[in-house]
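Shown next, in structure tokens, is the structure this report addresses.
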Amino acid sequence: MKTATLKNMVNGVEVRVHATTEHPDSHYGQPVWVDEEGTAYCQVGLPAPFYQISDVRTEWRIVAQCNPYNARMHYNNHQRVLEYDGATPIKWVMSEGYASEAEAKKALMDLAMTGKPYENGGWSYEDEDSIADLKESIMEDWDDEDEEPDISWFKGPGIYERGGREPYPVLLEGETSFRDDTMTYSIEEAD
């Protein structure tokens, strides 16, 4: 969600607003600046001759998405739905209100590293000891005694799954999404 401060150039009154398309003055999906009382001021992105727009901020959120069958097991009734398949929610907001993309990425990384909301989340590797544990577990599962497995795919902290015989990274720090079983979690600008 974008927020901003509008200063009326005639009387000097300042008001805090947010961008939304869910207002009657929003046409063809174009957002308008709206205050807490629901008053629309002007369209976002167009010149506003009577207002000075300042302190524009974008908020970020973490969303969850999956197919309709698995969504029934993972969606909680209190979460705001962004997309449906029929009557079944398939995309919803996990958490929102992050002031920066970096803050949202950190929250997503924390979600991935703790394995939550899954109790049996993926493996987490945060330090040299756990990286050594990862290598050891790969060696134990490796069939070929004459050749060491290639772990060049490992690039640092993250959450990992095993796909067939090949381990592969699902989330590395700085990325904007990760997959845990049937669920995909990602960050996006809040609307």
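Following the order of the structure tokens, first chain is A, next is B, and so on, with residues numbered from 1 inside each chain and ligands from 1 in the order they appear.
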**Q.** Contacts of Arg80 (chain A) within 10 Å, only C-alpha atoms, excl. fewer than 5 positions in-chain, as JSON, numbers by chain
**A.** {"A": [63, 75, 89, 91, 92, 93, 94, 95]}
Write out, as a PDB file, in the first residue's frame, the residues just selected, with C-alpha atoms.
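Contents of out09.pdb, freshly written:
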```
ATOM      1  CA  VAL A  63       1.314 -13.567   0.670  1.00  0.00           C
ATOM      2  CA  TYR A  75      -5.948 -21.031   4.827  1.00  0.00           C
ATOM      3  CA  PRO A  89      -9.202 -18.996  -1.362  1.00  0.00           C
ATOM      4  CA  LYS A  91      -4.013 -16.526  -2.451  1.00  0.00           C
ATOM      5  CA  TRP A  92      -4.145 -14.669   0.843  1.00  0.00           C
ATOM      6  CA  VAL A  93      -2.209 -12.206   3.019  1.00  0.00           C
ATOM      7  CA  MET A  94      -0.004 -13.814   5.670  1.00  0.00           C
ATOM      8  CA  SER A  95       1.228 -10.526   7.161  1.00  0.00           C
TER       9      SER A  95
END
```
Every residue of region 1-135 of chain A that DSSP places in alpha helix (DSSP H), as a PDB file with C-alpha atoms, in the first residue's frame:
```
ATOM      1  CA  PRO A  68      -7.483 -25.171  -4.164  1.00  0.00           C
ATOM      2  CA  TYR A  69      -7.104 -28.682  -2.714  1.00  0.00           C
ATOM      3  CA  ASN A  70      -4.236 -27.766  -0.383  1.00  0.00           C
ATOM      4  CA  ALA A  71      -5.564 -24.277   0.356  1.00  0.00           C
ATOM      5  CA  ARG A  72      -8.350 -25.853   2.386  1.00  0.00           C
ATOM      6  CA  MET A  73      -5.729 -27.196   4.804  1.00  0.00           C
ATOM      7  CA  HIS A  74      -3.633 -24.031   5.096  1.00  0.00           C
ATOM      8  CA  GLU A 101      11.142  -4.230   0.798  1.00  0.00           C
ATOM      9  CA  ALA A 102      14.203  -5.117   2.892  1.00  0.00           C
ATOM     10  CA  GLU A 103      12.027  -5.446   6.014  1.00  0.00           C
ATOM     11  CA  ALA A 104       9.589  -7.695   4.135  1.00  0.00           C
ATOM     12  CA  LYS A 105      12.470  -9.831   2.782  1.00  0.00           C
ATOM     13  CA  LYS A 106      13.811 -10.261   6.304  1.00  0.00           C
ATOM     14  CA  ALA A 107      10.365 -11.332   7.547  1.00  0.00           C
ATOM     15  CA  LEU A 108      10.091 -13.792   4.636  1.00  0.00           C
ATOM     16  CA  MET A 109      13.547 -15.189   5.450  1.00  0.00           C
ATOM     17  CA  ASP A 110      12.533 -15.574   9.109  1.00  0.00           C
ATOM     18  CA  LEU A 111       9.388 -17.407   7.988  1.00  0.00           C
ATOM     19  CA  ALA A 112      11.462 -19.732   5.816  1.00  0.00           C
ATOM     20  CA  MET A 113      14.238 -20.336   8.332  1.00  0.00           C
ATOM     21  CA  THR A 114      11.899 -21.213  11.188  1.00  0.00           C
ATOM     22  CA  GLU A 128      29.216 -23.217   9.364  1.00  0.00           C
ATOM     23  CA  ASP A 129      28.224 -26.133  11.633  1.00  0.00           C
ATOM     24  CA  SER A 130      24.840 -26.540  10.003  1.00  0.00           C
ATOM     25  CA  ILE A 131      26.434 -26.276   6.545  1.00  0.00           C
ATOM     26  CA  ALA A 132      28.747 -29.128   7.574  1.00  0.00           C
ATOM     27  CA  ASP A 133      25.668 -31.085   8.709  1.00  0.00           C
ATOM     28  CA  LEU A 134      24.116 -30.489   5.293  1.00  0.00           C
ATOM     29  CA  LYS A 135      27.215 -31.796   3.518  1.00  0.00           C
TER      30      LYS A 135
END
```
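In this comparison, which uses only C-alpha atoms, the residue of A:Thr176, A:Trp60, A:Gly45, A:Glu36 approaching Val15 (chain A) most closely is A:Glu36.
Among the candidate residues A:Thr5, A:Asp191, A:Asp35, A:Ser177, the one lying nearest to Ala64 (chain A) is A:Ser177, with distances computed using only C-alpha atoms.
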Q. Could you work out how far CA of Glu189 (chain A) lies from CA of Met9 (chain A), giving the answer in Å with one decimal?
A. 29.4 Å
**Q.** Residue with smallest distance to Phe178 (chain A) - pool A:Thr20, A:Gln65, A:Ser26, A:Asn77, counting only C-alpha atoms
**A.** A:Gln65
**Q.** Best match for closeness to Ala4 (chain A) among A:Glu37, A:Gly29, A:Pro47, A:Asp55, counting only C-alpha atoms
**A.** A:Asp55
**Q.** 7 Å contact set for Lys2 (chain A), only C-alpha atoms, chain neighbours under 4 positions out, as a ChimeraX atom specification
**A.** /A:18-19,56-59
Q.
Give me, as a ChimeraX atom specification, the residues of region 8-117 of chain A that a backbone DSSP run labels strand (DSSP E or B).
A. /A:8,14-20,32-34,40-43,51-58,60-65,81-85,88-98
